[in-house]
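A.B. asks: One structure, as structure tokens, below. Some questions next.
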Amino acid sequence: MNRFLIATAVVALTAGGALAQDVKLGVSLGFTGPLESMAPSMLKGAELAAKEASDSGKLLDGGTVTIVQADNTCADAAASVTAVERLVTSEKVNGIVGGMCSGETIASLERVAVPNGMVMIAPSATSPALSTIDDKGFFFRTAPSDARQGEVMADIITERGIKNVAVTYTNNDYGKGLADSFAESFKAKGGSITISAPHDDGKADYSAEVAALASAGGEALVVAGYVDQGGSGIVRGSLDSGAFDTFVFTDGMVTQALVDKFGTELEHSFGQNPSAEGEGRDAFIAQAKEAGFEGSDAFAAESYDAAALILLAMQAAKSTDPRVYKDKVMDVANAPGEKIMPGQLARALELVAAGTDIDYVGASAVELVGPGESAGSYREVEFKGGTLTAVRTR
């Protein structure tokens, strides 16, 4: 009798495949390294989406999400490959939010994710090189390419009446790609670049680099670097020597950590970083506040969206297998369908399970184009009075 009841229960549970599928979601970020000050809020963004999906009880017939962290260091490609290999082979995650910096993302994607059939959605890896990489359909990103940032930065500088600038960039895929993109756009608008010079991270003294930049001159210094490393070292050296007092900062620099370091010394400076506006962003910031973190922190919104897209694609595919659900990411991200904002993942999971189209807008106004690229928007920022202030969204 007991044996009969057990058999009946098993049949009932497995009919139609209605077994809860738990998810292990890897988060590969630079918890140490040149952007370590950004990582905590990015992790919390991903955790927020995971908790929301788990608490709904609607993910894959009641599955729950477990976050598994990996420190990719952001700057060390070998360390990143090792970290992502652990996620894939030892932890056996079902998807990865990451990487964080472009060079390590390229390395871990090519050497681990693609060969092992693992989906990666990067919230902050922005190098144009990732647009043409042979990712076999396993890579997406919720932050726009620096090809777009270069254009936006050129517009902002030109509109402020600045005609010539010096450029310093971190000596890696991110820095070089962004510097090249900016140079092309700025020159097309009639601007001139006095010098475009790389700098290495991790140095104690940047006086030689600052001297070369000062010798070339310019109305402003474009700093395409990292706030916790060489970018701030260049700024400190420039301020102390009087070489420059106006800086244009890229997304790797635009954080509260920059204000904490320099305060009112940035009175004449400005910059840009990826950021949306509207209902989705407002909803996320309110949701993050309730969860105890600052939703406007750099790439926190993009991290929430990266995690949400992975989970929604799994729901659409009815599978946690990356080789299966990768083909659903673009479907859940874009129109047509009911628009989905942060805080509405339960509704989205319900709709997807019923076979209804959704258009995931999320916290960063997600719209994926081309090979999983984010169309993206940017906020122009200033630092007057020692405060990071948004001027407008572009």
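Order determines the names: the first chain of the structure tokens is A, the second B, and so forth; residues in each chain are numbered 1 upward, and ligands are numbered 1 upward as they are shown.
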I'd like the neighbourhood of A:Leu178 as a ChimeraX atom specification, where a residue qualifies if any of its atoms comes within 12 Å (using only C-alpha atoms), though same-chain residues fewer than 3 positions away should be ignored.
C.D. replies: /A:102,125-129,144-154,167-175,181-186,196,198,222-225,249-252
A.B. asks: When DSSP works through the backbone of this structure, what residues of stretch 112-292 of chain A end up as strand (DSSP E or B), shown as a PDB file with C-alpha atoms, in the first residue's frame?
C.D. replies:
```pdb
ATOM      1  CA  MET A 120      27.581  35.139 -19.282  1.00  0.00           C
ATOM      2  CA  ILE A 121      25.757  38.465 -19.042  1.00  0.00           C
ATOM      3  CA  ALA A 122      28.187  41.264 -18.207  1.00  0.00           C
ATOM      4  CA  PHE A 139      27.489  36.303 -24.219  1.00  0.00           C
ATOM      5  CA  PHE A 140      25.278  39.339 -23.594  1.00  0.00           C
ATOM      6  CA  ARG A 141      25.716  42.632 -21.754  1.00  0.00           C
ATOM      7  CA  PRO A 144      26.404  49.648 -23.679  1.00  0.00           C
ATOM      8  CA  ASN A 164      41.382  70.379 -27.278  1.00  0.00           C
ATOM      9  CA  VAL A 165      42.068  67.762 -24.627  1.00  0.00           C
ATOM     10  CA  ALA A 166      44.765  65.424 -23.409  1.00  0.00           C
ATOM     11  CA  VAL A 167      43.800  61.784 -22.902  1.00  0.00           C
ATOM     12  CA  THR A 168      45.130  59.199 -20.459  1.00  0.00           C
ATOM     13  CA  TYR A 169      43.771  55.667 -20.466  1.00  0.00           C
ATOM     14  CA  THR A 170      44.354  52.497 -18.494  1.00  0.00           C
ATOM     15  CA  SER A 192      41.891  67.956 -31.302  1.00  0.00           C
ATOM     16  CA  ILE A 193      43.786  65.637 -28.965  1.00  0.00           C
ATOM     17  CA  THR A 194      47.165  66.910 -27.743  1.00  0.00           C
ATOM     18  CA  ILE A 195      48.289  63.495 -26.495  1.00  0.00           C
ATOM     19  CA  SER A 196      46.732  60.072 -25.939  1.00  0.00           C
ATOM     20  CA  ALA A 197      48.874  58.101 -23.515  1.00  0.00           C
ATOM     21  CA  PRO A 198      48.355  54.838 -21.613  1.00  0.00           C
ATOM     22  CA  HIS A 199      49.054  54.425 -17.918  1.00  0.00           C
ATOM     23  CA  ALA A 220      40.961  69.384 -19.980  1.00  0.00           C
ATOM     24  CA  LEU A 221      42.298  65.915 -19.237  1.00  0.00           C
ATOM     25  CA  VAL A 222      40.172  62.920 -20.222  1.00  0.00           C
ATOM     26  CA  VAL A 223      40.711  60.115 -17.692  1.00  0.00           C
ATOM     27  CA  ALA A 224      39.641  56.719 -19.016  1.00  0.00           C
ATOM     28  CA  PHE A 247      38.916  66.457 -15.836  1.00  0.00           C
ATOM     29  CA  VAL A 248      36.523  64.470 -17.999  1.00  0.00           C
ATOM     30  CA  PHE A 249      35.748  61.139 -16.357  1.00  0.00           C
ATOM     31  CA  PHE A 270      32.409  66.373 -15.434  1.00  0.00           C
ATOM     32  CA  GLY A 271      31.859  63.025 -17.113  1.00  0.00           C
ATOM     33  CA  GLN A 272      29.393  60.279 -17.978  1.00  0.00           C
ATOM     34  CA  ASN A 273      28.425  56.711 -17.136  1.00  0.00           C
ATOM     35  CA  PRO A 274      25.695  54.307 -18.280  1.00  0.00           C
TER      36      PRO A 274
END
```
A.B. asks: From the options A:Ala75, A:Ala83, A:Leu258, A:Ile156, which residue's atoms come nearest to A:Asp201, counting only C-alpha atoms?
C.D. replies: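 Looking only at the distances to A:Asp201, the closest residue turns out to be A:Ala75.
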A.B. asks: So, counting only C-alpha atoms, which residue among A:Leu59, A:Ala53, A:Leu29, A:Leu87 is closest to A:Pro342?
C.D. replies: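 Using only C-alpha atoms, the shortest distance to A:Pro342 belongs to A:Ala53.
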A.B. asks: Using atom CA of A:Leu351 and atom CA of A:Ala49 as the two end points, give the distance in Å to one decimal.
C.D. replies: 16.9 Å
A.B. asks: Quick one: pick out all alpha helix (DSSP H) residues within stretch 18-264 of chain A from a backbone DSSP run and write them as an MDAnalysis selection string.
C.D. replies: chainID A and resid 39:56 77:85 102:108 114:116 146:159 173:188 207:216 230:241 256:262
A.B. asks: Mind dumping a table of every stretch 163-208 of chain A residue within 8 Å of stretch 233-241 of chain A, with the nearest atom pair and its distance in Å to one decimal, using only C-alpha atoms, sorted by chain and rising number, as JSON lines?
C.D. replies:
```
{"residue": "A:Ala204", "atom": "CA", "partner": "A:Gly233", "partner_atom": "CA", "distance": 7.8}
{"residue": "A:Asp205", "atom": "CA", "partner": "A:Gly233", "partner_atom": "CA", "distance": 7.4}
{"residue": "A:Tyr206", "atom": "CA", "partner": "A:Ile234", "partner_atom": "CA", "distance": 6.0}
{"residue": "A:Ser207", "atom": "CA", "partner": "A:Gly237", "partner_atom": "CA", "distance": 6.2}
```
A.B. asks: Calculated over only C-alpha atoms, which of the candidates A:Glu290, A:Asp245, A:Asp321, A:Glu277 has the smallest distance to A:Tyr378?
C.D. replies: A:Glu277
A.B. asks: Residues near stretch 381-392 of chain A, anyone? I mean within 7 Å using only C-alpha atoms, not counting same-chain ones fewer than 2 positions away, as JSON, numbers by chain.
C.D. replies: {"A": [256, 259, 263, 264, 266, 267, 268, 269, 270, 271, 272, 379, 394]}
A.B. asks: Could you give me, as a list in words, the residues within 8 Å of A:Ser364, counting only C-alpha atoms and dropping anything in the same chain fewer than 3 positions from it?
C.D. replies: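 Residues near the query, excluding close chain neighbours: Thr142, Ser275, Ala276, Glu277, Gly280, Arg281, Ala301, Glu302, Asp305, Val361 and Gly376 of chain A.
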A.B. asks: Using only C-alpha atoms, pick whichever of A:Lys92, A:Arg86, A:Lys24, A:Lys58 has the shortest atom-to-atom distance to A:Gln315.
C.D. replies: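 Under the stated criterion, the closest residue is A:Lys58.
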A.B. asks: Name all residues at most 10 Å from A:Gly45 (count only C-alpha atoms; drop same-chain ones fewer than 3 positions away) and give them as a PyMOL selection string.
C.D. replies: chain A and resi 39-42+48-50+284+287-288+291+293-295+297+299-308+363
A.B. asks: By how many Å are atom CA of A:Ala354 and atom CA of A:Ala316 apart?
C.D. replies: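 Straight-line distance from atom CA of A:Ala354 to atom CA of A:Ala316 works out to 9.2 Å.
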A.B. asks: Here is a test: counting only C-alpha atoms, which residue of A:Ser108, A:Ser374, A:Thr320, A:Asn334 is nearest to A:Asn94?
C.D. replies: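 Nearest candidate to A:Asn94 out of A:Ser108, A:Ser374, A:Thr320, A:Asn334: A:Thr320.
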A.B. asks: If we count only C-alpha atoms and set the cut-off at 8 Å, which residues sit around A:Leu309, ignoring sequence neighbours fewer than 3 positions away in its own chain? Please answer as a compact mmCIF listing (two decimals) with N, CA, C and O atoms, in the first residue's frame.
C.D. replies:
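The resulting file, part-v1.txt, is reproduced below:
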```
# COMPACT_ATOMS: atom_id res chain seq x y z
N ASP A 305 19.62 43.67 -13.71
CA ASP A 305 19.05 43.28 -15.00
C ASP A 305 19.72 42.04 -15.58
O ASP A 305 19.05 41.20 -16.19
N ALA A 306 21.03 41.93 -15.41
CA ALA A 306 21.74 40.75 -15.92
C ALA A 306 21.22 39.48 -15.26
O ALA A 306 20.94 38.48 -15.92
N LEU A 312 14.76 34.87 -16.32
CA LEU A 312 13.59 34.92 -17.21
C LEU A 312 13.81 34.05 -18.45
O LEU A 312 12.86 33.41 -18.94
N ALA A 313 15.04 34.02 -18.96
CA ALA A 313 15.33 33.16 -20.12
C ALA A 313 15.20 31.68 -19.75
O ALA A 313 14.70 30.87 -20.54
N VAL A 329 17.17 34.61 -24.36
CA VAL A 329 17.53 35.88 -23.72
C VAL A 329 17.02 37.08 -24.51
O VAL A 329 16.39 37.99 -23.96
N VAL A 332 13.07 37.52 -24.22
CA VAL A 332 12.49 38.13 -23.01
C VAL A 332 12.93 39.57 -22.84
O VAL A 332 12.26 40.36 -22.16
N ALA A 333 14.06 39.94 -23.45
CA ALA A 333 14.60 41.29 -23.27
C ALA A 333 13.88 42.34 -24.10
O ALA A 333 13.82 43.52 -23.70
N TYR A 360 11.23 42.97 -21.26
CA TYR A 360 11.90 43.33 -20.01
C TYR A 360 12.59 44.69 -20.14
O TYR A 360 13.57 44.83 -20.88
```
A.B. asks: What separation in Å, quoted to one decimal, exists between atom CA of A:Glu52 and atom CA of A:Val68?
C.D. replies: 16.5 Å
